[in-house]
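*Asks:* Pasting a structure below so you can have a look.
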Amino acid sequence: MQEGRDQVNNKVQKIIADIYKMSSAELQSIVDAVKLRRNQLHLQDAQSFRVGDTVFFRGRRNTLCEAKVEKIKVKFVLVRTLDGTRWNVPGSHLHTEAVNA
């Protein structure tokens, strides 16, 4: 397990070192690729839920909130908490179990 983490850490360190050697145009290409990948992951997170699912997330002041999914948007999920409050939450902030929220 530790060996796998070391390999990932070494890979990340090499990428960071290569970034410092890049021109402005090359760096912009990397930034664009990272933004695209982040958008793909946000979309994937939001689309993993279904209307009616019970979900948990951390609300204001880090309070644990339980809610039902009302609508799936492109990157966000519209949910309604038990007290009737509607939240527009990024899919990556939602969990299906309270323990992991």
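In the structure tokens, chains take the letters A, B, ... in the order shown, each chain's residues start at 1, and ligands count up from 1 in the order shown.
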Could you pull the residues within 8 Å of Lys68 in chain A, counting only C-alpha atoms, minus those fewer than 4 positions along the same chain, as a list in words?

*Replies:*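 Within the cut-off, the hits are Val51, Gly52, Asp53, Thr54, Val55, Val79, Arg80 and Thr81 of chain A.
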
*Asks:* Convert the current residue selection to file output with C-alpha atoms, as a short mmCIF file (atom, residue, chain, number, x, y, z; two decimals), in the first residue's frame.

*Replies:*
```cif
data_model
loop_
_atom_site.label_atom_id
_atom_site.label_comp_id
_atom_site.auth_asym_id
_atom_site.auth_seq_id
_atom_site.Cartn_x
_atom_site.Cartn_y
_atom_site.Cartn_z
CA VAL A 51 -34.56 11.90 -7.99
CA GLY A 52 -35.90 10.64 -4.67
CA ASP A 53 -32.52 9.49 -3.32
CA THR A 54 -31.82 10.29 0.31
CA VAL A 55 -28.50 12.11 0.60
CA VAL A 79 -32.19 18.83 -2.75
CA ARG A 80 -34.81 19.53 -0.08
CA THR A 81 -33.88 19.03 3.57
#
```

*Asks:* Hey, what does DSSP flag as strand (DSSP E or B) within range 6-101 of chain A? Can you give it to me as a ChimeraX atom specification?

*Replies:* /A:54-58,64-72,76-81,86-90,95

*Asks:* What is the CA of Gln47 in chain A-CA of Leu82 in chain A distance in Å, reported with one decimal?

*Replies:*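 It comes out at 22.3 Å.
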
*Asks:* Near Val89 in chain A, counting only C-alpha atoms, which residues have an atom at most 10 Å away, once you skip same-chain residues fewer than 5 positions from it, shown as a list of chain:residue names?

*Replies:*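 Final neighbour list, sorted by chain and number: A:Ala46, A:Phe57, A:Arg58, A:Gly59, A:Lys73, A:Lys75, A:Phe76, A:Val77, A:Leu78, A:Val79, A:Leu94.
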